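> Okay, so here is final_15.csv, and as you'll see once you scroll down, it has CSV, C-alpha atoms.
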chain,number,residue,atom,x,y,z
A,1,MET,CA,0.0,0.0,0.0
A,2,PRO,CA,1.7,3.2,-1.1
A,3,GLU,CA,2.3,6.0,1.4
A,4,LEU,CA,-0.6,8.5,1.7
A,5,TRP,CA,0.2,12.2,1.7
A,6,LEU,CA,-0.7,12.5,5.4
A,7,THR,CA,1.6,9.6,6.2
A,8,ARG,CA,4.4,11.2,4.2
A,9,LEU,CA,3.8,14.4,6.2
A,10,PHE,CA,4.2,12.5,9.5
A,11,ASN,CA,7.2,10.6,8.2
A,12,ASP,CA,8.9,13.8,7.1
A,13,HIS,CA,8.4,15.7,10.4
A,14,LEU,CA,7.7,13.2,13.2
A,15,ALA,CA,9.9,10.3,12.3
A,16,GLY,CA,12.2,10.9,15.3
A,17,LEU,CA,9.2,10.7,17.7
A,18,ALA,CA,8.0,7.4,16.2
A,19,ASN,CA,11.5,5.9,16.3
A,20,TRP,CA,12.0,6.9,19.9
A,21,ILE,CA,8.7,5.4,20.9
A,22,LEU,CA,9.4,2.2,19.0
A,23,ASN,CA,12.9,1.8,20.3
A,24,THR,CA,11.7,2.4,23.9
A,25,VAL,CA,9.4,-0.7,23.6
A,26,HIS,CA,12.2,-2.6,21.9
A,27,MET,CA,10.4,-3.0,18.6
A,28,PRO,CA,12.4,-0.9,16.1
A,29,ALA,CA,10.8,0.1,12.9
A,30,ILE,CA,11.4,-2.1,9.8
A,31,ASP,CA,12.3,1.0,7.8
A,32,PRO,CA,13.5,3.8,10.2
A,33,ALA,CA,13.0,6.4,7.5
A,34,HIS,CA,9.3,5.6,7.4
A,35,PRO,CA,8.2,4.6,10.9
A,36,TRP,CA,4.7,5.9,10.5
A,37,GLN,CA,2.3,3.4,8.8
A,38,ASN,CA,-0.8,4.4,6.9
A,39,TRP,CA,-3.1,2.7,9.3
A,40,LEU,CA,-1.7,4.4,12.3
A,41,VAL,CA,-1.9,7.8,10.8
A,42,MET,CA,-5.5,7.2,9.6
A,43,GLU,CA,-6.5,5.9,13.0
A,44,LEU,CA,-5.0,9.0,14.7
A,45,LEU,CA,-6.9,11.2,12.3
A,46,VAL,CA,-10.2,9.6,13.3
A,47,VAL,CA,-9.3,10.0,17.0
A,48,ALA,CA,-8.5,13.7,16.4
A,49,GLY,CA,-11.8,14.1,14.5
A,50,ILE,CA,-13.7,12.5,17.4
A,51,PHE,CA,-11.8,14.6,19.9
A,52,VAL,CA,-12.8,17.7,18.0
A,53,LEU,CA,-16.5,16.7,17.4
A,54,LEU,CA,-17.5,15.5,20.9
A,55,PRO,CA,-16.5,18.7,22.8
A,56,ILE,CA,-18.5,20.7,20.3
A,57,VAL,CA,-21.5,18.5,21.0
A,58,ARG,CA,-21.0,18.8,24.8
A,59,ALA,CA,-20.7,22.6,24.6
A,60,ARG,CA,-23.9,22.8,22.7
A,61,LEU,CA,-26.0,20.5,24.9
A,62,SER,CA,-29.3,22.1,25.8
A,63,VAL,CA,-32.6,20.8,27.2
A,64,ASP,CA,-34.9,23.4,25.7
A,65,GLN,CA,-33.4,23.9,22.3
A,66,PRO,CA,-31.5,20.8,21.2
A,67,GLY,CA,-29.5,21.4,18.0
A,68,LYS,CA,-29.1,18.9,15.2
A,69,LEU,CA,-25.9,17.5,16.5
A,70,GLN,CA,-27.5,16.8,19.9
A,71,HIS,CA,-30.4,15.1,18.2
A,72,LEU,CA,-28.0,12.9,16.3
A,73,PHE,CA,-26.1,11.8,19.3
A,74,GLU,CA,-29.3,11.2,21.3
A,75,ILE,CA,-30.5,8.9,18.5
A,76,THR,CA,-27.2,7.1,18.7
A,77,TYR,CA,-27.4,6.7,22.4
A,78,GLU,CA,-31.0,5.3,22.2
A,79,PHE,CA,-29.9,3.0,19.4
A,80,VAL,CA,-27.0,1.6,21.5
A,81,LEU,CA,-29.3,1.2,24.5
A,82,GLU,CA,-31.9,-0.6,22.5
A,83,GLN,CA,-29.4,-3.0,21.0
A,84,GLU,CA,-28.1,-3.8,24.4
A,85,HIS,CA,-31.6,-5.0,25.4
A,86,GLU,CA,-31.9,-7.0,22.2
A,87,ALA,CA,-28.5,-8.6,22.9
A,88,GLY,CA,-29.5,-9.8,26.3
A,89,ILE,CA,-28.1,-7.3,28.8
A,90,GLU,CA,-31.0,-7.0,31.3
A,91,HIS,CA,-29.9,-4.8,34.1
A,92,GLY,CA,-27.1,-2.3,34.3
A,93,ALA,CA,-27.4,-1.7,30.6
A,94,GLU,CA,-26.7,2.0,30.9
A,95,ALA,CA,-23.3,1.4,32.4
A,96,TYR,CA,-22.1,-0.3,29.2
A,97,VAL,CA,-23.3,2.4,26.8
A,98,PRO,CA,-20.1,4.4,26.9
A,99,TYR,CA,-17.9,1.5,25.8
A,100,PHE,CA,-20.3,0.2,23.1
A,101,GLY,CA,-21.2,3.7,21.8
A,102,THR,CA,-17.5,4.5,21.5
A,103,LEU,CA,-16.8,1.2,19.8
A,104,PHE,CA,-19.6,1.8,17.3
A,105,ILE,CA,-18.8,5.4,16.5
A,106,PHE,CA,-15.0,4.7,16.3
A,107,ILE,CA,-15.4,1.7,14.0
A,108,LEU,CA,-18.0,3.5,11.9
A,109,PHE,CA,-15.8,6.6,11.4
A,110,MET,CA,-12.8,4.5,10.6
A,111,ASN,CA,-14.6,2.4,8.0
A,112,LEU,CA,-16.2,5.4,6.4
A,113,LEU,CA,-12.8,7.2,6.2
A,114,GLY,CA,-12.0,5.0,3.2
A,115,ILE,CA,-14.6,6.8,1.1
A,116,VAL,CA,-12.7,10.2,1.4
A,117,PRO,CA,-10.5,10.4,-1.7
A,118,THR,CA,-7.0,10.5,-0.4
A,119,PHE,CA,-7.5,8.5,2.7
A,120,GLU,CA,-8.0,4.8,3.5
A,121,SER,CA,-9.8,2.9,6.1
A,122,PRO,CA,-7.4,2.0,8.9
A,123,THR,CA,-9.5,-1.1,9.5
A,124,MET,CA,-8.1,-2.4,6.2
A,125,ASN,CA,-5.0,-3.4,8.1
A,126,ALA,CA,-5.2,-6.4,10.4
A,127,ALA,CA,-3.7,-4.6,13.4
A,128,VAL,CA,-6.6,-2.2,13.9
A,129,PRO,CA,-9.4,-4.8,14.2
A,130,LEU,CA,-7.2,-7.0,16.3
A,131,GLY,CA,-6.7,-4.1,18.8
A,132,LEU,CA,-10.4,-3.5,18.9
A,133,ALA,CA,-11.1,-7.2,19.4
A,134,LEU,CA,-8.6,-7.4,22.2
A,135,CYS,CA,-10.2,-4.4,23.9
A,136,THR,CA,-13.6,-6.2,23.7
A,137,PHE,CA,-12.0,-9.4,25.0
A,138,PHE,CA,-10.5,-7.8,28.1
A,139,TYR,CA,-13.7,-5.8,28.6
A,140,TYR,CA,-16.1,-8.7,28.7
A,141,HIS,CA,-13.8,-10.7,30.9
A,142,ALA,CA,-13.4,-7.8,33.3
A,143,LYS,CA,-17.2,-7.3,33.4
A,144,GLY,CA,-17.7,-11.0,34.1
A,145,ILE,CA,-15.2,-11.0,36.9
A,146,LYS,CA,-16.7,-7.9,38.4
A,147,GLN,CA,-20.1,-9.4,38.3
A,148,HIS,CA,-19.3,-12.9,39.6
A,149,GLY,CA,-16.0,-12.6,41.3
A,150,ILE,CA,-12.9,-14.3,39.8
A,151,GLY,CA,-13.4,-17.7,41.4
A,152,ARG,CA,-17.0,-18.2,40.3
A,153,TYR,CA,-16.2,-16.7,36.9
A,154,LEU,CA,-13.4,-19.2,36.2
A,155,LEU,CA,-15.7,-21.9,37.4
A,156,HIS,CA,-18.0,-21.1,34.4
A,157,PHE,CA,-15.3,-22.4,32.1
A,158,ALA,CA,-16.0,-25.9,33.4
A,159,GLY,CA,-19.4,-25.9,31.6
A,160,PRO,CA,-22.8,-26.9,32.9
A,161,ILE,CA,-21.9,-30.4,34.0
A,162,PRO,CA,-19.0,-30.3,36.5
A,163,ALA,CA,-17.9,-33.9,35.8
A,164,LEU,CA,-16.9,-33.0,32.2
A,165,PHE,CA,-14.6,-30.2,33.2
A,166,LEU,CA,-11.5,-31.8,31.7
A,167,LEU,CA,-13.2,-31.8,28.3
A,168,MET,CA,-15.0,-28.5,28.6
A,169,VAL,CA,-12.1,-26.2,29.8
A,170,PRO,CA,-9.9,-26.6,26.6
A,171,ILE,CA,-13.0,-26.2,24.4
A,172,GLU,CA,-14.1,-23.1,26.3
A,173,ILE,CA,-10.7,-21.5,26.1
A,174,MET,CA,-10.5,-22.2,22.4
A,175,GLY,CA,-14.0,-20.8,22.0
A,176,HIS,CA,-13.0,-17.6,23.7
A,177,LEU,CA,-9.9,-17.2,21.5
A,178,ALA,CA,-12.0,-18.0,18.5
A,179,ARG,CA,-14.2,-15.0,19.4
A,180,VAL,CA,-11.2,-12.7,19.2
A,181,LEU,CA,-10.2,-14.2,15.9
A,182,SER,CA,-13.7,-14.0,14.4
A,183,LEU,CA,-14.2,-10.4,15.5
A,184,THR,CA,-10.8,-9.4,14.0
A,185,VAL,CA,-11.1,-11.4,10.7
A,186,ARG,CA,-14.7,-10.4,10.1
A,187,LEU,CA,-14.0,-6.6,10.2
A,188,TYR,CA,-10.6,-6.9,8.5
A,189,ALA,CA,-11.7,-9.2,5.7
A,190,ASN,CA,-14.8,-7.2,4.9
A,191,MET,CA,-12.9,-3.9,4.6
A,192,PHE,CA,-9.9,-5.4,2.9
A,193,ALA,CA,-11.9,-7.4,0.4
A,194,GLY,CA,-14.1,-4.4,-0.4
A,195,ASP,CA,-11.1,-2.4,-1.2
A,196,GLN,CA,-9.6,-5.2,-3.4
A,197,VAL,CA,-12.8,-5.6,-5.3
A,198,THR,CA,-13.1,-1.9,-5.9
A,199,GLU,CA,-9.5,-1.9,-7.2
A,200,SER,CA,-10.0,-4.8,-9.5
A,201,PHE,CA,-13.1,-3.2,-11.0
A,202,LEU,CA,-11.2,0.0,-11.4
A,203,GLY,CA,-8.8,-2.0,-13.4
A,204,LEU,CA,-11.6,-3.2,-15.7
A,205,THR,CA,-13.5,0.0,-16.3
A,206,LYS,CA,-13.2,3.6,-15.0
A,207,LEU,CA,-16.7,4.6,-16.2
A,208,ALA,CA,-19.4,4.3,-13.6
A,209,ILE,CA,-19.3,0.8,-12.1
A,210,PRO,CA,-16.6,1.4,-9.4
A,211,ALA,CA,-19.0,3.9,-7.9
A,212,VAL,CA,-21.4,1.0,-7.1
A,213,PHE,CA,-18.6,-0.6,-5.0
A,214,ILE,CA,-18.1,2.6,-3.1
A,215,ALA,CA,-21.8,2.5,-2.2
A,216,LEU,CA,-21.3,-1.2,-1.2
A,217,HIS,CA,-18.4,0.0,1.0
A,218,VAL,CA,-20.7,2.4,2.8
A,219,PHE,CA,-23.3,-0.3,3.4
A,220,VAL,CA,-20.7,-2.8,4.6
A,221,SER,CA,-19.1,-0.1,6.9
A,222,LEU,CA,-22.4,0.5,8.7
A,223,LEU,CA,-23.2,-3.2,8.9
A,224,GLN,CA,-19.8,-4.3,10.2
A,225,ALA,CA,-19.6,-1.5,12.8
A,226,TYR,CA,-23.1,-2.6,14.0
A,227,ILE,CA,-22.2,-6.3,14.0
A,228,PHE,CA,-18.9,-5.7,15.9
A,229,MET,CA,-20.8,-3.7,18.6
A,230,LEU,CA,-23.6,-6.3,18.7
A,231,LEU,CA,-21.3,-9.3,19.1
A,232,SER,CA,-19.4,-7.5,21.8
A,233,MET,CA,-22.7,-6.9,23.6
A,234,ILE,CA,-23.6,-10.6,23.3
A,235,TYR,CA,-20.3,-11.6,24.8
A,236,VAL,CA,-20.7,-9.2,27.7
A,237,SER,CA,-24.3,-10.5,28.3
A,238,ILE,CA,-23.0,-14.1,28.3
A,239,ALA,CA,-20.2,-13.2,30.7
A,240,THR,CA,-22.5,-11.4,33.1
A,241,GLU,CA,-25.6,-13.5,33.0
A,242,HIS,CA,-26.8,-15.1,36.2
A,243,ALA,CA,-27.1,-18.8,36.4
A,244,GLU,CA,-30.2,-20.2,35.0
A,245,GLU,CA,-32.4,-22.3,37.2
A,246,THR,CA,-32.3,-26.0,36.4
A,247,ALA,CA,-35.6,-27.4,35.1
B,1,MET,CA,-34.9,-27.0,-36.6
B,2,ARG,CA,-34.8,-27.0,-32.9
B,3,SER,CA,-32.5,-29.9,-32.7
B,4,LYS,CA,-30.2,-28.2,-35.2
B,5,MET,CA,-30.0,-25.1,-33.0
B,6,ILE,CA,-29.2,-27.3,-30.0
B,7,PHE,CA,-26.5,-29.0,-32.0
B,8,PHE,CA,-24.9,-25.7,-33.1
B,9,ALA,CA,-25.1,-24.4,-29.5
B,10,MET,CA,-23.2,-27.4,-28.3
B,11,VAL,CA,-20.5,-26.9,-31.0
B,12,ALA,CA,-20.2,-23.3,-30.0
B,13,LEU,CA,-19.6,-24.5,-26.4
B,14,LEU,CA,-16.4,-26.2,-27.8
B,15,LEU,CA,-15.1,-22.7,-28.6
B,16,ILE,CA,-14.4,-22.4,-24.8
B,17,ALA,CA,-11.4,-24.7,-25.5
B,18,THR,CA,-9.6,-22.1,-27.7
B,19,PRO,CA,-7.2,-21.1,-25.0
B,20,MET,CA,-5.7,-24.5,-25.6
B,21,PHE,CA,-3.9,-22.9,-28.6
B,22,ALA,CA,-2.0,-20.6,-26.3
B,23,GLN,CA,-0.3,-23.5,-24.6
B,24,GLY,CA,3.5,-23.4,-25.1
B,25,THR,CA,5.7,-26.4,-24.9
B,26,ALA,CA,6.0,-28.3,-21.6
B,27,PRO,CA,7.9,-26.4,-18.8
B,28,ALA,CA,11.6,-26.9,-18.7
B,29,ALA,CA,13.0,-29.5,-16.4
B,30,GLY,CA,13.3,-28.2,-12.9
B,31,ALA,CA,10.3,-25.9,-13.1
B,32,THR,CA,7.6,-26.9,-10.7
B,33,THR,CA,3.9,-26.1,-11.3
B,34,ASN,CA,2.5,-23.4,-9.2
B,35,TRP,CA,-0.5,-25.0,-7.4
B,36,LYS,CA,-1.3,-22.1,-5.2
B,37,PRO,CA,-3.4,-19.9,-7.4
B,38,ALA,CA,-5.4,-22.9,-8.8
B,39,LEU,CA,-6.1,-24.3,-5.3
B,40,ALA,CA,-6.8,-20.9,-3.9
B,41,GLY,CA,-9.4,-20.4,-6.6
B,42,ILE,CA,-11.0,-23.7,-6.0
B,43,GLY,CA,-11.0,-23.3,-2.2
B,44,MET,CA,-12.6,-19.8,-2.4
B,45,ALA,CA,-15.2,-21.0,-4.9
B,46,ILE,CA,-16.2,-23.9,-2.6
B,47,ALA,CA,-16.4,-21.5,0.4
B,48,SER,CA,-18.4,-18.9,-1.4
B,49,GLY,CA,-20.8,-21.5,-2.9
B,50,LEU,CA,-21.5,-23.1,0.5
B,51,CYS,CA,-21.8,-19.7,2.0
B,52,GLY,CA,-24.4,-18.8,-0.6
B,53,LEU,CA,-26.4,-21.9,0.1
B,54,GLY,CA,-26.3,-21.2,3.8
B,55,GLN,CA,-27.4,-17.6,3.4
B,56,GLY,CA,-30.1,-18.7,1.0
B,57,ARG,CA,-31.6,-21.0,3.6
B,58,ALA,CA,-31.3,-18.2,6.3
B,59,VAL,CA,-33.2,-15.7,4.1
B,60,ALA,CA,-35.8,-18.3,3.1
B,61,GLY,CA,-36.5,-19.2,6.7
B,62,ALA,CA,-36.6,-15.5,7.7
B,63,SER,CA,-38.9,-14.6,4.8
B,64,GLU,CA,-41.3,-17.4,5.6
B,65,ALA,CA,-41.3,-16.5,9.3
B,66,MET,CA,-42.0,-12.8,8.5
B,67,ALA,CA,-44.9,-13.9,6.2
B,68,ARG,CA,-46.4,-16.1,8.8
B,69,ASN,CA,-46.1,-13.6,11.6
B,70,PRO,CA,-45.8,-10.0,10.5
B,71,GLY,CA,-45.9,-8.8,14.0
B,72,ALA,CA,-42.5,-10.3,14.9
B,73,MET,CA,-40.8,-8.6,12.0
B,74,ALA,CA,-38.3,-6.6,14.1
B,75,GLY,CA,-37.1,-9.7,15.9
B,76,ILE,CA,-36.9,-11.8,12.8
B,77,ARG,CA,-35.0,-9.1,10.9
B,78,PHE,CA,-32.5,-8.9,13.8
B,79,ALA,CA,-31.9,-12.6,13.8
B,80,LEU,CA,-31.6,-12.6,10.0
B,81,ILE,CA,-29.0,-9.9,9.9
B,82,LEU,CA,-27.0,-11.5,12.7
B,83,GLY,CA,-27.2,-14.9,11.0
B,84,LEU,CA,-26.2,-13.5,7.6
B,85,VAL,CA,-23.2,-11.8,8.9
B,86,LEU,CA,-22.0,-14.8,10.9
B,87,ILE,CA,-22.3,-17.0,7.8
B,88,GLU,CA,-20.6,-14.4,5.6
B,89,SER,CA,-17.6,-14.3,8.0
B,90,LEU,CA,-17.0,-18.0,7.4
B,91,ALA,CA,-16.4,-17.4,3.7
B,92,LEU,CA,-14.2,-14.5,4.6
B,93,TYR,CA,-11.9,-16.7,6.7
B,94,THR,CA,-11.1,-18.6,3.5
B,95,LEU,CA,-10.3,-15.3,1.8
B,96,VAL,CA,-7.9,-14.4,4.6
B,97,ILE,CA,-6.1,-17.8,4.4
B,98,ILE,CA,-5.7,-17.2,0.6
B,99,TYR,CA,-4.0,-13.9,1.2
B,100,THR,CA,-1.7,-15.1,4.0
B,101,VAL,CA,-0.6,-18.3,2.2
Please rewrite the model in this file as structure tokens.

Amino acid sequence: MPELWLTRLFNDHLAGLANWILNTVHMPAIDPAHPWQNWLVMELLVVAGIFVLLPIVRARLSVDQPGKLQHLFEITYEFVLEQEHEAGIEHGAEAYVPYFGTLFIFILFMNLLGIVPTFESPTMNAAVPLGLALCTFFYYHAKGIKQHGIGRYLLHFAGPIPALFLLMVPIEIMGHLARVLSLTVRLYANMFAGDQVTESFLGLTKLAIPAVFIALHVFVSLLQAYIFMLLSMIYVSIATEHAEETA
Amino acid sequence: MRSKMIFFAMVALLLIATPMFAQGTAPAAGATTNWKPALAGIGMAIASGLCGLGQGRAVAGASEAMARNPGAMAGIRFALILGLVLIESLALYTLVIIYTV
């Protein structure tokens, strides 16, 4: 993937900073002249955008005369809350909205950044979805441990029938790791494949057909952001559910 | 008349074999055939085909359920989208393997 103009700007002026950070954690850059990668610069751009947008919303909050931006974020908040109820989180749903709302907005903006002409979606690189999936992994385990206590939470890994725990524990562990893998690969492959398909059709014809694939990219961006958030909610609801009564 | 048309259509199908003329001589001794693109194509085709079948069944079940019970449309639509995305991701795992191998 060739260097974007923003990445080149970072590499020209801030290469020293990146090299210092990488050397401090003992992971020197492959090419010290270009330590900044496209995906990192794009991700930081989205973070900067959100850091600019949200204080504007906060400053303009009003009960009597809500503006358009406030309406938009109220809709998003209600949407996330409703999806939590659909995903199975019964009580304490409001406490989870910050994480899931941030996840949804962050992934959505990152995916949609690929439509802007000289930028690319940072989720096109496997590192970014992996980071998000690991955040979700640690989040739902943390919520489960907070709800049940660490002893009882680890006991859940033994499955419903205690006698089968030798069989169930490896399967459960693999299942949890598979969740991280599936979250990562689903987001990464959708974004990456969408870009590849657009490129191959651009190679065939430059007339009007590639625009259809940009529209597909928009639809897939929305859907994948929603699905990532929804699956994270489902994992949190599984981790924090109370034991069912036996029939 | 109709059987003549079918006959000519089948002969026209043989034209698919014209790339055969582009075949050069056999590869030089020591050159190994490159199986990866061919197998990648076959693997991805199988994955996409089975994914299509699975998603077709999901949509069929959802459409029938929505027709029988229009009041439950929101819940059925939710289950449908979730199911479609999970089935889609199975085909995408194959795509990722192709790009890493």
> Show which residues sit within 10 Å of Glu86 of chain A, as a PyMOL selection string. Count only C-alpha atoms, and ignore same-chain residues fewer than 4 positions away.
(chain A and resi 80-82+90+230+233-234) or (chain B and resi 75+78)
> Select, as a ChimeraX atom specification, those residues of chain B with any atom no more than 8 Å from chain A (distances computed using only C-alpha atoms).
/B:82,85,89,92-93,95-96
> Would you please work out which residue, of B:Pro37, B:Leu80, B:Gly71, B:Ala47, is nearest to Tyr99 of chain B when using all atoms listed in the file?
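Nearest to Tyr99 of chain B: B:Pro37.
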> Each side padded by 3 Å, which centre and which edge lengths in Å (one decimal) define the axis-aligned box around the listed atoms of segment 213-219 of chain A? Give them as AutoDock Vina command-line options.

--center_x -20.7 --center_y 0.7 --center_z -0.8 --size_x 11.2 --size_y 9.8 --size_z 14.4
> For each of A:Ile89, A:Ala15, A:Val52, A:Ile105, take the minimum atom-to-atom distance to Ile238 of chain A, counting all atoms listed in the file, then give the residue where this is smallest.
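For Ile238 of chain A, the nearest of the given residues is A:Ile89.
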> If you measure from atom CA of Ile115 of chain A to atom CA of Gln37 of chain A, what distance in Å do you get, rounded to one decimal?
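Interatomic distance here is 18.9 Å.
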> To one decimal in Å, tell me the separation between atom CA of His85 of chain A and atom CA of Arg58 of chain A.
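Separation of atom CA of His85 of chain A and atom CA of Arg58 of chain A: 26.1 Å.
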> Considering only C-alpha atoms, can you say which of A:Val236, A:Leu112, A:Ile214, A:Leu9 comes closest to His141 of chain A?
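Checking each of A:Val236, A:Leu112, A:Ile214, A:Leu9 against His141 of chain A, counting only C-alpha atoms, the winner is A:Val236.
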> In Å, rounded to a single decimal, give me how far atom CA of His34 of chain A is from atom CA of Phe51 of chain A.
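These atoms are spaced 26.1 Å apart.
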> Which one is closest to Met174 of chain A: A:Lys146, A:Asn125, A:Phe157, A:Tyr99? Count all atoms listed in the file.
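Once distances to Met174 of chain A are computed over all atoms listed in the file, the minimum belongs to A:Phe157.
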> Counting only C-alpha atoms, what is within 12 Å of Ser63 of chain B, bar same-chain residues fewer than 6 positions away, as a PyMOL selection string?
chain B and resi 55-57+69-70+72-73+76-77+79-80
> Step by step: start from the point (-14.5, -9.5, 25.6) in the file's coordinates, keep every protein, DNA or RNA residue that has an atom no farther than 10 Å from it, count all atoms listed in the file, and write the set as a list of chain:residue names.
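Within the cut-off we find A:Leu132, A:Ala133, A:Leu134, A:Cys135, A:Thr136, A:Phe137, A:Phe138, A:Tyr139, A:Tyr140, A:His141, A:Ala142, A:Lys143, A:Gly144, A:His176, A:Leu177, A:Arg179, A:Val180, A:Leu231, A:Ser232, A:Met233, A:Ile234, A:Tyr235, A:Val236, A:Ala239.
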> My list of candidates is B:Leu84, B:Ser3, B:Thr100, B:Thr94. Which is closest to Leu53 of chain B when distances are computed with all atoms listed in the file?
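Under the stated criterion, the closest residue is B:Leu84.
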